[in-house]
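A.B. asks: One structure, pasted below without further comment.
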Amino acid sequence: MSAMKGVDDAFLGVGDRPGLEIWCIMGTSVVPIAKSLHGRFYTGNCYIILSTDELKSRVRRHNVHYWVGKEAKEEHCVIASDKAVELDAALGSQAVQYREMQGEESDEFLSYFRPCIIPVQGSFSSHWRRSGEESDQTTMFRCEGEHVARVREVPFSRTSLDHMAAFIVDTPLKIFLFSGCNSSTQTRAKALDVIKHLRENRHCGRCEIGTIEDGKLVGDSDAGEFWNLFGGYAPIPRDVPDAANGELITTTSKKLFWINKRTLAPMDTHLLDREMLNSNRSYILDCGSEIYLWIGITTLFSERKTSIIVLEDYVRSQGRSSIGHTVIMTEGHEIPNFKLQFQHWPKNIVQKLYDAGREKVAAIFKHQGYDVAEIPEDKPQQFISSNGTLKVWLVDRGSVTLLCAEEQEQLYNGDCYIVQYSYVEDGKDYNLFFAWSGQNSVQEDRVASVSLMSSMADSVKGPAVVGQVSEAKEPELFFLVFKSLIIFKGGRSAAYKNSVLQKSDKTEWYQKDGAALFRVQGLRHDCARAVQVDLVASSLNSSHCYILQDGDSFFTWTGSLSSPSEHDILDRMMNTLFPRKQSLLLREGSEPEHFWKTLGGISEYSKEKFVKGWPADPHMYTCTFQQCLFKAKEVFSFSQDDLATEETLILDCGEEIYVWVGLHSGVASKEHALDIGKMFLQAGIAQDGRRSIVDTTVYAVMEGDEPPFFTSFFNWDSSKQVAAVSAILLSTRSIHGLSGD
């Protein structure tokens, strides 16, 4: 590969596969670090870390971090930031860059190096340490963090202890864990992971483990040994809140500057709007705990390097070189937290590739050496048994009416329904509930349906998952529980009928002997639906099939871009909707006058191929309330172990979110869990900003009741119960088991 102007040769061809690539700054050069040494950082050096992920869309996402050790030389810090810009340029200026200070690393950075990072004193150029050399001295570490371990070495002194964190004292013959009385279960579990790491890497897997509970001394031999290391027991002072850090986060107002050559020009920050950012400029947005550098897409490479220098000077001038986080983004690759600082940020426009151009585009990219994959066909993933039992209730003014078998697959868009699907999976009984709201349903029924569903779910035997879903935004799972589904215009509930009478409008009500148009779709032959749409030609789409009724006359219409399997589903739904009726089959372009007259005349409609997009990559977030305000924080590189019994977490899958509720989280009901999901959507935490409950399906999943369609997002160990594991991890018996004695 030929060299790129202004880019270090060490960066050419990098980022072509998922994983980590690390370089150390040595003088003015970057030296690649062997994989076996990843996670071993020296306090006297600066490093550049490239993380490459392959998304479900087969697009590669790059994050560039430059890590600065506390003893690193100033000139090496400047070189590291400069080289990070060059690496971004080599990656097509599509990476997000993060400045990571030793001891203040971001959660995302720490998630790359599980279980922890423990910086080594000295520099990378020093002689290599022998294996086990560190075990000859006693060291003390403070460990905190819920989903990633933040470990820092502290002075070996009783005064280093506090009640908030877990502490590890590593001696030549034994490792001690001291758990502060106010430390969380997860922090203690993370500290145990660190102890395992130390035991394997510093003691060759051979040393004893001792545990000490804060405040518990009687009859505990480990406690006696531990306190003897400090010359005897003494009480630990009460914890004092860190007022300095709290003030930085809560009281600092936003400051926006645009970079004019090497000077900063302040801008009005009363109301931040996306239109304030010009593509030919760079800007610094100071939010207190985070400082962002936004670089316009048309800026020159030399201007980008200058912007980085200005950013470093600004951070230094503010006395914040060692605190807070700095993020650098190129226009079009902004992170969600940056977008949330603005009053208005337009949603990303999802570009669709249609058949006419997809093959040409693919050929061009393949010729240039890129691996191109087509968007997968619309085939449902089978994560629920098809042999379950279905029940459907109509919601009407705070009460429910069970529908008979003939009616339960016929919904009306003016009503709300509760759907219960009971099934057996791996010998275990499950229940899935949906509260479905039609597009024209009334608010009274919508509110009641969620409350009633939650109560019904609480009363059944066995695990129950609840979901809130809106018409036209249903997930595949909703349709899988129906063999066939018909959605009519109109409604049965008294609340809906009353609203129609007030409007004196019955045109949106299905009439058996009238005229109606149904769009027919299906996930497969035994899972199909027909939805009544507006009786106009603009409702047609070349990608779909339709049934048109005009009194006792019927037409089945196949779009030119529809598939043979969809034609089979069309025939089946015709028999379901209008049994023993004959229809005239029409292919697009061969319609008689009667067809168009029923639709009110010929008009334009979509003739582009509908292509289902790639599924969204899942993200996990912890949910908390701080001073009555909802807060969500992303959990990076998540796994089943992150589902902690004291927490409420959200698994965000784009069009669907799952609110997972730990048994000891304090969330009292499934209805409360659904409300938390709504708060998350309104907060706009995710990549595409604020979302509506109308556009997103929200599930509530309780700990211990996880169904296969939830566990499929994890490498799930069905024998692992989070609450039980947490208890085992905290027990002395389990700890001593680590020592092999």
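Ligands are numbered from 1 in the order shown, residues from 1 within each chain, and chains are lettered A, B, ... in the order they appear in the structure tokens.
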When you look at range 54-63 of chain A with a cut-off of 9 Å (counting only C-alpha atoms), what residues show up, excluding the ones that are within fewer than 5 positions of it in the same chain? I need them as a ChimeraX atom specification.
C.D. replies: /A:15-18,49,88,91,94-98,371-373,375,613-617
A.B. asks: What would the file look like if the residues just selected were written as a PDB file, in the first residue's frame with N, CA and C atoms?
C.D. replies:
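Just written: selection-v1.pdb:
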ATOM      1  N   GLY A  15      -6.612  -1.432  11.017  1.00  0.00           N
ATOM      2  CA  GLY A  15      -8.057  -1.353  11.196  1.00  0.00           C
ATOM      3  C   GLY A  15      -8.860  -2.194  10.232  1.00  0.00           C
ATOM      4  N   ASP A  16      -8.228  -3.194   9.624  1.00  0.00           N
ATOM      5  CA  ASP A  16      -8.952  -4.006   8.642  1.00  0.00           C
ATOM      6  C   ASP A  16      -9.603  -5.235   9.263  1.00  0.00           C
ATOM      7  N   ARG A  17      -9.453  -5.425  10.571  1.00  0.00           N
ATOM      8  CA  ARG A  17     -10.094  -6.559  11.235  1.00  0.00           C
ATOM      9  C   ARG A  17     -10.423  -6.172  12.674  1.00  0.00           C
ATOM     10  N   PRO A  18     -11.474  -6.779  13.247  1.00  0.00           N
ATOM     11  CA  PRO A  18     -11.865  -6.427  14.615  1.00  0.00           C
ATOM     12  C   PRO A  18     -10.760  -6.738  15.626  1.00  0.00           C
ATOM     13  N   ILE A  49      -4.068   3.642  20.996  1.00  0.00           N
ATOM     14  CA  ILE A  49      -4.832   2.386  20.957  1.00  0.00           C
ATOM     15  C   ILE A  49      -5.923   2.519  19.905  1.00  0.00           C
ATOM     16  N   ASP A  88      -6.295   8.636  12.510  1.00  0.00           N
ATOM     17  CA  ASP A  88      -7.668   8.912  12.068  1.00  0.00           C
ATOM     18  C   ASP A  88      -7.705   9.169  10.564  1.00  0.00           C
ATOM     19  N   LEU A  91      -7.610   6.133   8.575  1.00  0.00           N
ATOM     20  CA  LEU A  91      -8.871   5.389   8.652  1.00  0.00           C
ATOM     21  C   LEU A  91     -10.005   6.120   7.937  1.00  0.00           C
ATOM     22  N   GLN A  94     -12.878   8.850  10.022  1.00  0.00           N
ATOM     23  CA  GLN A  94     -14.171   8.374  10.506  1.00  0.00           C
ATOM     24  C   GLN A  94     -14.116   7.898  11.950  1.00  0.00           C
ATOM     25  N   ALA A  95     -12.957   7.976  12.570  1.00  0.00           N
ATOM     26  CA  ALA A  95     -12.810   7.492  13.939  1.00  0.00           C
ATOM     27  C   ALA A  95     -13.188   8.583  14.935  1.00  0.00           C
ATOM     28  N   VAL A  96     -13.551   8.166  16.139  1.00  0.00           N
ATOM     29  CA  VAL A  96     -13.710   9.078  17.266  1.00  0.00           C
ATOM     30  C   VAL A  96     -12.464   8.929  18.125  1.00  0.00           C
ATOM     31  N   GLN A  97     -11.878  10.067  18.517  1.00  0.00           N
ATOM     32  CA  GLN A  97     -10.634  10.037  19.287  1.00  0.00           C
ATOM     33  C   GLN A  97     -10.917  10.427  20.743  1.00  0.00           C
ATOM     34  N   TYR A  98     -10.266   9.724  21.646  1.00  0.00           N
ATOM     35  CA  TYR A  98     -10.446   9.967  23.077  1.00  0.00           C
ATOM     36  C   TYR A  98      -9.080  10.176  23.720  1.00  0.00           C
ATOM     37  N   ASP A 371     -14.777  -5.778   1.196  1.00  0.00           N
ATOM     38  CA  ASP A 371     -15.670  -6.926   1.331  1.00  0.00           C
ATOM     39  C   ASP A 371     -17.097  -6.415   1.424  1.00  0.00           C
ATOM     40  N   VAL A 372     -17.914  -6.718   0.443  1.00  0.00           N
ATOM     41  CA  VAL A 372     -19.274  -6.200   0.385  1.00  0.00           C
ATOM     42  C   VAL A 372     -20.257  -7.330   0.618  1.00  0.00           C
ATOM     43  N   ALA A 373     -21.169  -7.121   1.530  1.00  0.00           N
ATOM     44  CA  ALA A 373     -22.197  -8.125   1.817  1.00  0.00           C
ATOM     45  C   ALA A 373     -23.565  -7.504   1.612  1.00  0.00           C
ATOM     46  N   ILE A 375     -27.583  -6.928   2.242  1.00  0.00           N
ATOM     47  CA  ILE A 375     -28.476  -6.935   3.394  1.00  0.00           C
ATOM     48  C   ILE A 375     -29.237  -8.250   3.384  1.00  0.00           C
ATOM     49  N   GLY A 613     -33.441  -2.935   6.399  1.00  0.00           N
ATOM     50  CA  GLY A 613     -32.107  -2.547   6.839  1.00  0.00           C
ATOM     51  C   GLY A 613     -31.477  -3.592   7.744  1.00  0.00           C
ATOM     52  N   TRP A 614     -30.172  -3.409   7.965  1.00  0.00           N
ATOM     53  CA  TRP A 614     -29.478  -4.294   8.894  1.00  0.00           C
ATOM     54  C   TRP A 614     -30.019  -4.092  10.299  1.00  0.00           C
ATOM     55  N   PRO A 615     -30.061  -5.143  11.105  1.00  0.00           N
ATOM     56  CA  PRO A 615     -30.488  -4.966  12.496  1.00  0.00           C
ATOM     57  C   PRO A 615     -29.508  -4.091  13.255  1.00  0.00           C
ATOM     58  N   ALA A 616     -30.020  -3.338  14.213  1.00  0.00           N
ATOM     59  CA  ALA A 616     -29.173  -2.445  15.002  1.00  0.00           C
ATOM     60  C   ALA A 616     -28.269  -3.248  15.923  1.00  0.00           C
ATOM     61  N   ASP A 617     -27.077  -2.736  16.152  1.00  0.00           N
ATOM     62  CA  ASP A 617     -26.176  -3.362  17.122  1.00  0.00           C
ATOM     63  C   ASP A 617     -26.659  -3.033  18.529  1.00  0.00           C
TER      64      ASP A 617
END
A.B. asks: Excluding range 571-574 of chain A and its own-chain neighbours fewer than 4 positions away, which residues fall within 7 Å of it when counting only C-alpha atoms? Please give them as a list in words.
C.D. replies: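 Residues meeting the cut-off are Ala530, His567 and Phe578 of chain A.
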A.B. asks: Just want the 9 Å neighbourhood of range 315-318 of chain A, counted on only C-alpha atoms, with same-chain residues fewer than 5 positions away dropped. Output as an MDAnalysis selection string.
C.D. replies: chainID A and resid 291 310 326
A.B. asks: How would the residues just chosen look if you wrote them out with C-alpha atoms as a PDB file, in the first residue's frame?
C.D. replies:
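What ended up in again04.pdb:
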ATOM      1  CA  ILE A 291     -14.542  18.647  26.494  1.00  0.00           C
ATOM      2  CA  VAL A 310      -5.358  24.377  20.398  1.00  0.00           C
ATOM      3  CA  THR A 326     -11.666  14.866  25.964  1.00  0.00           C
TER       4      THR A 326
END
A.B. asks: For Phe479 in chain A, find every residue with an atom within 10 Å (counting only C-alpha atoms), except residues of its own chain fewer than 4 positions away, and show them as a PDB file with all heavy atoms, in the first residue's frame.
C.D. replies:
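result-v7.pdb, written as the output of this step:
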ATOM      1  N   GLU A 474     -44.868  -2.925  15.121  1.00  0.00           N
ATOM      2  CA  GLU A 474     -44.753  -4.205  15.820  1.00  0.00           C
ATOM      3  C   GLU A 474     -43.445  -4.918  15.467  1.00  0.00           C
ATOM      4  O   GLU A 474     -43.012  -4.895  14.310  1.00  0.00           O
ATOM      5  CB  GLU A 474     -45.927  -5.122  15.442  1.00  0.00           C
ATOM      6  CG  GLU A 474     -47.298  -4.563  15.769  1.00  0.00           C
ATOM      7  CD  GLU A 474     -47.947  -3.835  14.608  1.00  0.00           C
ATOM      8  OE1 GLU A 474     -47.207  -3.478  13.643  1.00  0.00           O
ATOM      9  OE2 GLU A 474     -49.161  -3.612  14.649  1.00  0.00           O
ATOM     10  N   PRO A 475     -42.834  -5.576  16.442  1.00  0.00           N
ATOM     11  CA  PRO A 475     -41.651  -6.385  16.162  1.00  0.00           C
ATOM     12  C   PRO A 475     -42.059  -7.722  15.539  1.00  0.00           C
ATOM     13  O   PRO A 475     -43.235  -8.109  15.578  1.00  0.00           O
ATOM     14  CB  PRO A 475     -41.037  -6.596  17.547  1.00  0.00           C
ATOM     15  CG  PRO A 475     -42.220  -6.588  18.465  1.00  0.00           C
ATOM     16  CD  PRO A 475     -43.191  -5.591  17.878  1.00  0.00           C
ATOM     17  N   LYS A 483     -50.948 -16.927  14.089  1.00  0.00           N
ATOM     18  CA  LYS A 483     -50.832 -17.710  12.853  1.00  0.00           C
ATOM     19  C   LYS A 483     -51.158 -16.828  11.652  1.00  0.00           C
ATOM     20  O   LYS A 483     -50.503 -16.864  10.623  1.00  0.00           O
ATOM     21  CB  LYS A 483     -51.763 -18.925  12.888  1.00  0.00           C
ATOM     22  CG  LYS A 483     -51.482 -19.876  14.037  1.00  0.00           C
ATOM     23  CD  LYS A 483     -50.055 -20.400  13.997  1.00  0.00           C
ATOM     24  CE  LYS A 483     -49.787 -21.359  15.148  1.00  0.00           C
ATOM     25  NZ  LYS A 483     -48.375 -21.773  15.206  1.00  0.00           N
ATOM     26  N   SER A 484     -52.216 -16.053  11.817  1.00  0.00           N
ATOM     27  CA  SER A 484     -52.558 -15.027  10.836  1.00  0.00           C
ATOM     28  C   SER A 484     -53.211 -13.891  11.598  1.00  0.00           C
ATOM     29  O   SER A 484     -53.835 -14.107  12.641  1.00  0.00           O
ATOM     30  CB  SER A 484     -53.498 -15.570   9.755  1.00  0.00           C
ATOM     31  OG  SER A 484     -54.732 -15.960  10.321  1.00  0.00           O
ATOM     32  N   LEU A 485     -53.060 -12.675  11.093  1.00  0.00           N
ATOM     33  CA  LEU A 485     -53.574 -11.511  11.795  1.00  0.00           C
ATOM     34  C   LEU A 485     -54.196 -10.553  10.791  1.00  0.00           C
ATOM     35  O   LEU A 485     -53.603 -10.264   9.749  1.00  0.00           O
ATOM     36  CB  LEU A 485     -52.448 -10.814  12.565  1.00  0.00           C
ATOM     37  CG  LEU A 485     -52.829  -9.535  13.314  1.00  0.00           C
ATOM     38  CD1 LEU A 485     -53.845  -9.842  14.416  1.00  0.00           C
ATOM     39  CD2 LEU A 485     -51.583  -8.884  13.916  1.00  0.00           C
ATOM     40  N   GLY A 522     -46.041 -11.105   5.130  1.00  0.00           N
ATOM     41  CA  GLY A 522     -45.827 -12.284   5.959  1.00  0.00           C
ATOM     42  C   GLY A 522     -44.366 -12.541   6.215  1.00  0.00           C
ATOM     43  O   GLY A 522     -43.507 -12.236   5.385  1.00  0.00           O
ATOM     44  N   LEU A 523     -44.091 -13.084   7.399  1.00  0.00           N
ATOM     45  CA  LEU A 523     -42.732 -13.502   7.718  1.00  0.00           C
ATOM     46  C   LEU A 523     -42.434 -14.863   7.105  1.00  0.00           C
ATOM     47  O   LEU A 523     -41.300 -15.180   6.790  1.00  0.00           O
ATOM     48  CB  LEU A 523     -42.557 -13.561   9.239  1.00  0.00           C
ATOM     49  CG  LEU A 523     -42.718 -12.221   9.980  1.00  0.00           C
ATOM     50  CD1 LEU A 523     -42.653 -12.442  11.478  1.00  0.00           C
ATOM     51  CD2 LEU A 523     -41.645 -11.238   9.541  1.00  0.00           C
ATOM     52  N   CYS A 527     -47.283 -17.456   8.957  1.00  0.00           N
ATOM     53  CA  CYS A 527     -47.241 -16.258   9.801  1.00  0.00           C
ATOM     54  C   CYS A 527     -47.464 -15.049   8.898  1.00  0.00           C
ATOM     55  O   CYS A 527     -46.506 -14.467   8.373  1.00  0.00           O
ATOM     56  CB  CYS A 527     -45.903 -16.160  10.533  1.00  0.00           C
ATOM     57  SG  CYS A 527     -45.763 -14.704  11.586  1.00  0.00           S
ATOM     58  N   ALA A 528     -48.735 -14.712   8.701  1.00  0.00           N
ATOM     59  CA  ALA A 528     -49.077 -13.666   7.738  1.00  0.00           C
ATOM     60  C   ALA A 528     -50.031 -12.662   8.362  1.00  0.00           C
ATOM     61  O   ALA A 528     -50.678 -12.933   9.383  1.00  0.00           O
ATOM     62  CB  ALA A 528     -49.710 -14.291   6.493  1.00  0.00           C
ATOM     63  N   ARG A 529     -50.127 -11.499   7.738  1.00  0.00           N
ATOM     64  CA  ARG A 529     -51.036 -10.462   8.223  1.00  0.00           C
ATOM     65  C   ARG A 529     -51.611  -9.670   7.052  1.00  0.00           C
ATOM     66  O   ARG A 529     -50.969  -9.510   6.004  1.00  0.00           O
ATOM     67  CB  ARG A 529     -50.314  -9.514   9.181  1.00  0.00           C
ATOM     68  CG  ARG A 529     -49.196  -8.704   8.556  1.00  0.00           C
ATOM     69  CD  ARG A 529     -48.433  -7.945   9.638  1.00  0.00           C
ATOM     70  NE  ARG A 529     -47.360  -7.105   9.134  1.00  0.00           N
ATOM     71  CZ  ARG A 529     -46.125  -7.515   8.921  1.00  0.00           C
ATOM     72  NH1 ARG A 529     -45.795  -8.787   9.146  1.00  0.00           N
ATOM     73  NH2 ARG A 529     -45.199  -6.673   8.485  1.00  0.00           N
TER      74      ARG A 529
END
A.B. asks: For Thr187 in chain A, please output as an NGL selection string all residues within 10 Å (counting only C-alpha atoms; exclusion window: fewer than 3 positions along the same chain).
C.D. replies: :A and (143-150 or 164-166 or 179-180 or 183-184 or 190-193)
A.B. asks: Using only N, CA, C and O atoms, please write the residues we just selected to a file, as a compact mmCIF listing (two decimals), in the first residue's frame.
C.D. replies:
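See result.txt below for the written result:
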# COMPACT_ATOMS: atom_id res chain seq x y z
N CYS A 143 -9.88 -0.37 44.54
CA CYS A 143 -10.68 -0.88 43.43
C CYS A 143 -12.11 -0.38 43.56
O CYS A 143 -12.74 -0.55 44.61
N GLU A 144 -12.62 0.24 42.51
CA GLU A 144 -14.01 0.68 42.47
C GLU A 144 -14.55 0.50 41.06
O GLU A 144 -13.81 0.17 40.14
N GLY A 145 -15.83 0.74 40.89
CA GLY A 145 -16.45 0.56 39.57
C GLY A 145 -17.48 -0.54 39.59
O GLY A 145 -17.34 -1.53 40.31
N GLU A 146 -18.54 -0.35 38.82
CA GLU A 146 -19.65 -1.31 38.79
C GLU A 146 -19.50 -2.33 37.66
O GLU A 146 -19.67 -3.53 37.86
N HIS A 147 -19.19 -1.85 36.47
CA HIS A 147 -19.12 -2.75 35.31
C HIS A 147 -17.72 -2.85 34.73
O HIS A 147 -17.44 -3.73 33.92
N VAL A 148 -16.84 -1.94 35.09
CA VAL A 148 -15.41 -2.07 34.79
C VAL A 148 -14.65 -1.74 36.08
O VAL A 148 -15.12 -0.94 36.89
N ALA A 149 -13.53 -2.38 36.26
CA ALA A 149 -12.75 -2.17 37.48
C ALA A 149 -11.79 -0.99 37.29
O ALA A 149 -11.01 -0.98 36.34
N ARG A 150 -11.88 -0.03 38.19
CA ARG A 150 -10.93 1.08 38.22
C ARG A 150 -9.95 0.81 39.36
O ARG A 150 -10.32 0.90 40.53
N MET A 164 -15.98 3.22 51.02
CA MET A 164 -16.70 3.25 49.75
C MET A 164 -16.21 2.23 48.73
O MET A 164 -16.97 1.82 47.85
N ALA A 165 -14.96 1.83 48.84
CA ALA A 165 -14.35 1.00 47.81
C ALA A 165 -13.91 -0.34 48.37
O ALA A 165 -14.08 -0.64 49.56
N ALA A 166 -13.36 -1.18 47.48
CA ALA A 166 -12.71 -2.42 47.89
C ALA A 166 -11.21 -2.21 47.77
O ALA A 166 -10.74 -1.51 46.87
N SER A 179 -13.27 -5.23 51.98
CA SER A 179 -14.48 -4.68 51.35
C SER A 179 -15.08 -3.61 52.24
O SER A 179 -15.55 -3.90 53.36
N GLY A 180 -15.05 -2.35 51.79
CA GLY A 180 -15.67 -1.26 52.54
C GLY A 180 -17.14 -1.53 52.73
O GLY A 180 -17.81 -2.07 51.84
N SER A 183 -19.32 -0.33 49.95
CA SER A 183 -19.01 -0.75 48.57
C SER A 183 -20.11 -1.66 48.05
O SER A 183 -20.73 -2.39 48.81
N SER A 184 -20.35 -1.60 46.75
CA SER A 184 -21.44 -2.38 46.16
C SER A 184 -21.02 -3.82 45.92
O SER A 184 -19.82 -4.16 45.90
N LYS A 190 -15.85 -7.24 41.10
CA LYS A 190 -14.77 -6.79 40.22
C LYS A 190 -13.42 -6.92 40.92
O LYS A 190 -12.41 -7.27 40.30
N ALA A 191 -13.40 -6.61 42.21
CA ALA A 191 -12.14 -6.75 42.97
C ALA A 191 -11.69 -8.21 42.99
O ALA A 191 -10.48 -8.49 42.90
N LEU A 192 -12.63 -9.15 43.07
CA LEU A 192 -12.27 -10.57 43.03
C LEU A 192 -11.65 -10.94 41.68
O LEU A 192 -10.72 -11.73 41.61
N ASP A 193 -12.19 -10.36 40.61
CA ASP A 193 -11.60 -10.60 39.28
C ASP A 193 -10.16 -10.09 39.23
O ASP A 193 -9.28 -10.72 38.63
A.B. asks: Determine, using only C-alpha atoms, which residues of range 1-88 of chain A have any atom at most 12 Å from an atom of range 105-114 of chain A, and tabulate each with its shortest atom pair and distance in Å to one decimal place, rows ordered by chain and then rising number, as a Markdown table.
C.D. replies:
| residue | atom | partner | partner_atom | distance |
| --- | --- | --- | --- | --- |
| A:Gly19 | CA | A:Tyr112 | CA | 9.2 |
| A:Leu20 | CA | A:Tyr112 | CA | 8.1 |
| A:Glu21 | CA | A:Tyr112 | CA | 11.1 |
| A:Ile22 | CA | A:Tyr112 | CA | 11.6 |
| A:Lys35 | CA | A:Phe113 | CA | 11.7 |
| A:Leu37 | CA | A:Phe113 | CA | 11.0 |
| A:His38 | CA | A:Phe113 | CA | 7.8 |
| A:Gly39 | CA | A:Phe113 | CA | 5.7 |
| A:Arg40 | CA | A:Phe113 | CA | 9.3 |
| A:Phe41 | CA | A:Phe113 | CA | 10.9 |
| A:Ile48 | CA | A:Phe109 | CA | 11.5 |
| A:Ile49 | CA | A:Phe109 | CA | 9.1 |
| A:Leu50 | CA | A:Phe109 | CA | 10.3 |
| A:Ser51 | CA | A:Tyr112 | CA | 8.3 |
| A:Thr52 | CA | A:Tyr112 | CA | 10.9 |
| A:Asp53 | CA | A:Tyr112 | CA | 11.5 |
| A:Asn63 | CA | A:Phe109 | CA | 9.4 |
| A:Val64 | CA | A:Phe109 | CA | 9.7 |
| A:His65 | CA | A:Phe109 | CA | 7.6 |
| A:Tyr66 | CA | A:Phe109 | CA | 10.0 |
| A:Trp67 | CA | A:Glu105 | CA | 8.2 |
| A:Val68 | CA | A:Glu105 | CA | 9.7 |
| A:Gly69 | CA | A:Glu105 | CA | 10.8 |
A.B. asks: Which one of A:Ile195, A:Leu681, A:Ile212, A:Val31 sits closest to Tyr47 in chain A if you count only C-alpha atoms?
C.D. replies: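 Once distances to Tyr47 in chain A are computed over only C-alpha atoms, the minimum belongs to A:Val31.
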A.B. asks: Can you list, as a list in words, every protein, DNA or RNA residue that comes within 9 Å of Tyr233 in chain A when you count only C-alpha atoms, leaving out same-chain residues fewer than 3 positions away?
C.D. replies: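 Contacts, with the query itself left out: Arg158, Gly224, Phe226, Trp227, Asn228 and Phe230 of chain A.
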A.B. asks: For a test of reading the model, state the distance in Å between CA of Leu651 in chain A and CA of Met620 in chain A, rounded to one decimal.
C.D. replies: 4.5 Å
A.B. asks: Please extract the residues of range 430-461 of chain A with a backbone DSSP assignment of strand (DSSP E or B) and present them as a compact mmCIF listing (two decimals) with N, CA, C and O atoms, in the first residue's frame.
C.D. replies:
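New file states.txt:
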# COMPACT_ATOMS: atom_id res chain seq x y z
N TYR A 430 -43.33 -20.47 29.90
CA TYR A 430 -43.13 -19.03 29.73
C TYR A 430 -44.45 -18.37 29.35
O TYR A 430 -45.34 -19.01 28.76
N ASN A 431 -44.56 -17.08 29.66
CA ASN A 431 -45.71 -16.28 29.24
C ASN A 431 -45.20 -14.96 28.67
O ASN A 431 -44.37 -14.28 29.30
N LEU A 432 -45.69 -14.63 27.50
CA LEU A 432 -45.35 -13.36 26.86
C LEU A 432 -46.63 -12.55 26.71
O LEU A 432 -47.61 -13.02 26.13
N PHE A 433 -46.62 -11.33 27.26
CA PHE A 433 -47.78 -10.44 27.17
C PHE A 433 -47.43 -9.22 26.32
O PHE A 433 -46.33 -8.68 26.42
N PHE A 434 -48.38 -8.80 25.50
CA PHE A 434 -48.26 -7.54 24.76
C PHE A 434 -49.46 -6.66 25.07
O PHE A 434 -50.60 -7.15 25.14
N ALA A 435 -49.22 -5.37 25.25
CA ALA A 435 -50.29 -4.37 25.26
C ALA A 435 -50.19 -3.66 23.92
O ALA A 435 -49.25 -2.90 23.68
N TRP A 436 -51.14 -3.95 23.02
CA TRP A 436 -51.12 -3.42 21.64
C TRP A 436 -52.09 -2.26 21.52
O TRP A 436 -53.26 -2.37 21.93
N SER A 437 -51.61 -1.16 20.97
CA SER A 437 -52.45 0.03 20.80
C SER A 437 -52.62 0.33 19.32
O SER A 437 -51.63 0.50 18.59
A.B. asks: With only C-alpha atoms as the basis for distance, which of A:Ala515, A:Ala700, A:Cys24, A:Val694 is at the shortest distance from Leu599 in chain A?
C.D. replies: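 The closest residue to Leu599 in chain A is A:Ala515.
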